[in-house]
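Q: This is the structure I have questions about; it appears just below.
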Amino acid sequence: MADDRNPVRLAALHPKPDTAMSARILDGKTLAERLKADLGARVAARVALGLPRPGLAVVLVGENAASQIYVRNKRKFTEAANMRSFSHDLSADTSEAELLALIDKLNADPLVHGILVQLPLPKQIDPERVTERIDPAKDVDGFHPYNIGRLVLKRPILRPCTPYGCMRLLAETGEDLVGKHAVIIGQSNIVGRPMALELLMARCTVTVCHSATRDLAGIVRQADVLVAAVGKAYFVAADWIKPGAIVIDVGMNRDAEGRLCGDVDRRAAERAAWITPVPGGVGPMTIAMLLANTLTAAELQDSA
Ligand code: GUN
């Protein structure tokens, strides 16, 4: 009998709305708390052995409102994980030479194991020159060409924090990533590009989409793993999501009502197997991985 006359097959082809899937939540907030507690215990064990407390210097230039919030959280969680936090808040008219001189000082300071210069920077400062001035051994953002190169070569040391946090969330699903089609929307140096390298290292087949990509919806519909890093509220429609996909939403936006929201329509949860909430998904994991990198940097500097 042809499929369209078999009532059992027909039901499978046209599931009723009440059979719609509801995604499991990838709770980054709770996982980040657990990781921070583990890091805090490892730091305490180091200190008990007479090793130095890891120190993280966070540099903020100017008064970008979003950056001020991110930096405040980074400093707060550094202290909560038993690490030393060094704050450097510079005025918006700081010259590039002044910032480079501060980086030279932090590079030479044995109490500082990690250096983070919050981006974006005011327009008179070249972010590439700043990134490249940081000692790669203290580059806890993982943005220095040396650390990116290590990731390209599948031998990472200090890994960009947001993609690293996304990989940790993917590990939490328990799903085997090998051979999965991973689609990334966004090609930034901070998220999209290192995310592609991480997923490739995990043996996914990786597609990176950007503003010139043709048939974005068609590509996203093929994604077993979707990483959205666009920066536009609800940019990814729910019906683009492949049923059973894992959805990692890196977006942190405000919607028309002023609520915090991601890049993916919330109704994607009706199709995905796993999804990160916004807020409470990727954001807290970025900070947890920054602290993990700071401990790694301190451990590497112990033996240097
Ligand atoms: N601005 C937005 N995200 C980041 C980040 O992960 N690190 C730094 N330094 N600046 C950022």
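Chain labels run A, B, ... following the order of the structure tokens; each chain numbers its residues from 1, and ligands are numbered from 1 in the order shown.
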Could you tell me, counting only C-alpha atoms and all ligand atoms, which protein and nucleic acid residues lie no more than 7 Å from ligand 1, written as a PyMOL selection string?
A: chain A and resi 67+116-120+141+161-162+190+286
Q: Can you pull out the residues contacting range 253-267 of chain A? Cut-off 6 Å, using only C-alpha atoms, and skip same-chain residues under 2 positions away; I want them as a list in words.
A: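 My list of contacting residues is Lys232, Ala233, Tyr234, Phe235, Val236, Ala237, Ala238, Gly251, Ala269, Glu270 and Val278 of chain A.
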Q: I need the chosen residues saved as a compact mmCIF listing (two decimals), in the first residue's frame, with C-alpha atoms.
A:
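As written to disk, out-v5.txt reads:
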```txt
# COMPACT_ATOMS: atom_id res chain seq x y z
CA LYS A 232 20.34 40.60 16.54
CA ALA A 233 17.28 39.83 18.65
CA TYR A 234 15.36 36.74 17.44
CA PHE A 235 17.29 36.73 14.12
CA VAL A 236 16.98 32.92 13.76
CA ALA A 237 13.38 31.85 13.14
CA ALA A 238 12.02 28.82 15.02
CA GLY A 251 23.45 36.47 21.42
CA ALA A 269 12.75 25.18 22.05
CA GLU A 270 9.72 23.36 20.58
CA VAL A 278 19.42 33.82 27.35
```
Q: I want to know what sits within 12 Å of range 34-42 of chain A, based on only C-alpha atoms, with residues of the same chain fewer than 2 positions away left out; could you give that as a ChimeraX atom specification?
A: /A:27-32,44-49,51-54,74,76-84,165,168-169,284-296,298-299
Q: I want to know what sits within 9 Å of Leu158 in chain A, based on only C-alpha atoms, with residues of the same chain fewer than 4 positions away left out; could you give that as a PyMOL selection string?
A: chain A and resi 136-143+147-148+150-151+293-294+296-297
Q: If you run DSSP over the backbone, which residues in range 162-225 of chain A end up alpha helix (DSSP H)? Put them as number ranges by chain.
A: A: 162-172, 192-201, 216-220
Q: Using DSSP on the backbone, list every residue of range 32-79 of chain A that comes out as strand (DSSP E), and give them as a ChimeraX atom specification.
A: /A:55-61
Q: Tell me which protein, DNA and RNA residues are within 7 Å of range 58-62 of chain A, counting only C-alpha atoms, leaving out same-chain ones fewer than 6 positions away, and put them as a list of chain:residue names.
A: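 Returned residues: A:Phe86, A:Ser87, A:His88, A:Asp89, A:Leu90, A:Ser91, A:Ala92, A:Ile115, A:Leu116, A:Val117, A:Gln118, A:Leu121.
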Q: Those residues you just picked out, can you put them in a file as a PDB file, in the first residue's frame with N, CA and C atoms?
A:
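Written file, selection_21.pdb:
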```pdb
ATOM      1  N   PHE A  86      43.078  42.433  39.543  1.00  0.00           N
ATOM      2  CA  PHE A  86      43.720  43.747  39.412  1.00  0.00           C
ATOM      3  C   PHE A  86      42.904  44.565  38.412  1.00  0.00           C
ATOM      4  N   SER A  87      42.415  45.720  38.875  1.00  0.00           N
ATOM      5  CA  SER A  87      41.542  46.543  38.024  1.00  0.00           C
ATOM      6  C   SER A  87      42.303  47.729  37.466  1.00  0.00           C
ATOM      7  N   HIS A  88      42.157  47.953  36.172  1.00  0.00           N
ATOM      8  CA  HIS A  88      42.748  49.145  35.538  1.00  0.00           C
ATOM      9  C   HIS A  88      41.666  49.791  34.682  1.00  0.00           C
ATOM     10  N   ASP A  89      41.126  50.904  35.162  1.00  0.00           N
ATOM     11  CA  ASP A  89      40.085  51.625  34.427  1.00  0.00           C
ATOM     12  C   ASP A  89      40.698  52.901  33.863  1.00  0.00           C
ATOM     13  N   LEU A  90      40.778  52.980  32.551  1.00  0.00           N
ATOM     14  CA  LEU A  90      41.427  54.115  31.892  1.00  0.00           C
ATOM     15  C   LEU A  90      40.383  54.977  31.193  1.00  0.00           C
ATOM     16  N   SER A  91      40.694  56.260  31.062  1.00  0.00           N
ATOM     17  CA  SER A  91      39.719  57.171  30.459  1.00  0.00           C
ATOM     18  C   SER A  91      39.610  56.918  28.951  1.00  0.00           C
ATOM     19  N   ALA A  92      38.489  57.375  28.385  1.00  0.00           N
ATOM     20  CA  ALA A  92      38.195  57.130  26.964  1.00  0.00           C
ATOM     21  C   ALA A  92      39.223  57.782  26.039  1.00  0.00           C
ATOM     22  N   ILE A 115      46.052  38.579  31.564  1.00  0.00           N
ATOM     23  CA  ILE A 115      45.729  39.971  31.207  1.00  0.00           C
ATOM     24  C   ILE A 115      44.560  39.947  30.233  1.00  0.00           C
ATOM     25  N   LEU A 116      43.538  40.740  30.522  1.00  0.00           N
ATOM     26  CA  LEU A 116      42.401  40.866  29.603  1.00  0.00           C
ATOM     27  C   LEU A 116      42.135  42.349  29.364  1.00  0.00           C
ATOM     28  N   VAL A 117      42.151  42.752  28.108  1.00  0.00           N
ATOM     29  CA  VAL A 117      41.774  44.124  27.739  1.00  0.00           C
ATOM     30  C   VAL A 117      40.394  44.024  27.107  1.00  0.00           C
ATOM     31  N   GLN A 118      39.395  44.609  27.760  1.00  0.00           N
ATOM     32  CA  GLN A 118      38.027  44.474  27.277  1.00  0.00           C
ATOM     33  C   GLN A 118      37.853  45.174  25.932  1.00  0.00           C
ATOM     34  N   LEU A 121      37.585  48.768  21.873  1.00  0.00           N
ATOM     35  CA  LEU A 121      38.428  49.854  22.374  1.00  0.00           C
ATOM     36  C   LEU A 121      38.057  51.157  21.657  1.00  0.00           C
TER      37      LEU A 121
END
```
Q: Measuring atom to atom with only C-alpha atoms, identify which of A:Arg193, A:His181, A:Lys123, A:Arg203 is nearest to Ala245 in chain A.
A: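 Between A:Arg193, A:His181, A:Lys123, A:Arg203, the residue approaching Ala245 in chain A most closely is A:His181.
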Q: May I ask which of the residues A:Gly244, A:Pro194, A:Pro122, A:Gly186 is the closest one to Arg271 in chain A, counting only C-alpha atoms?
A: A:Gly244
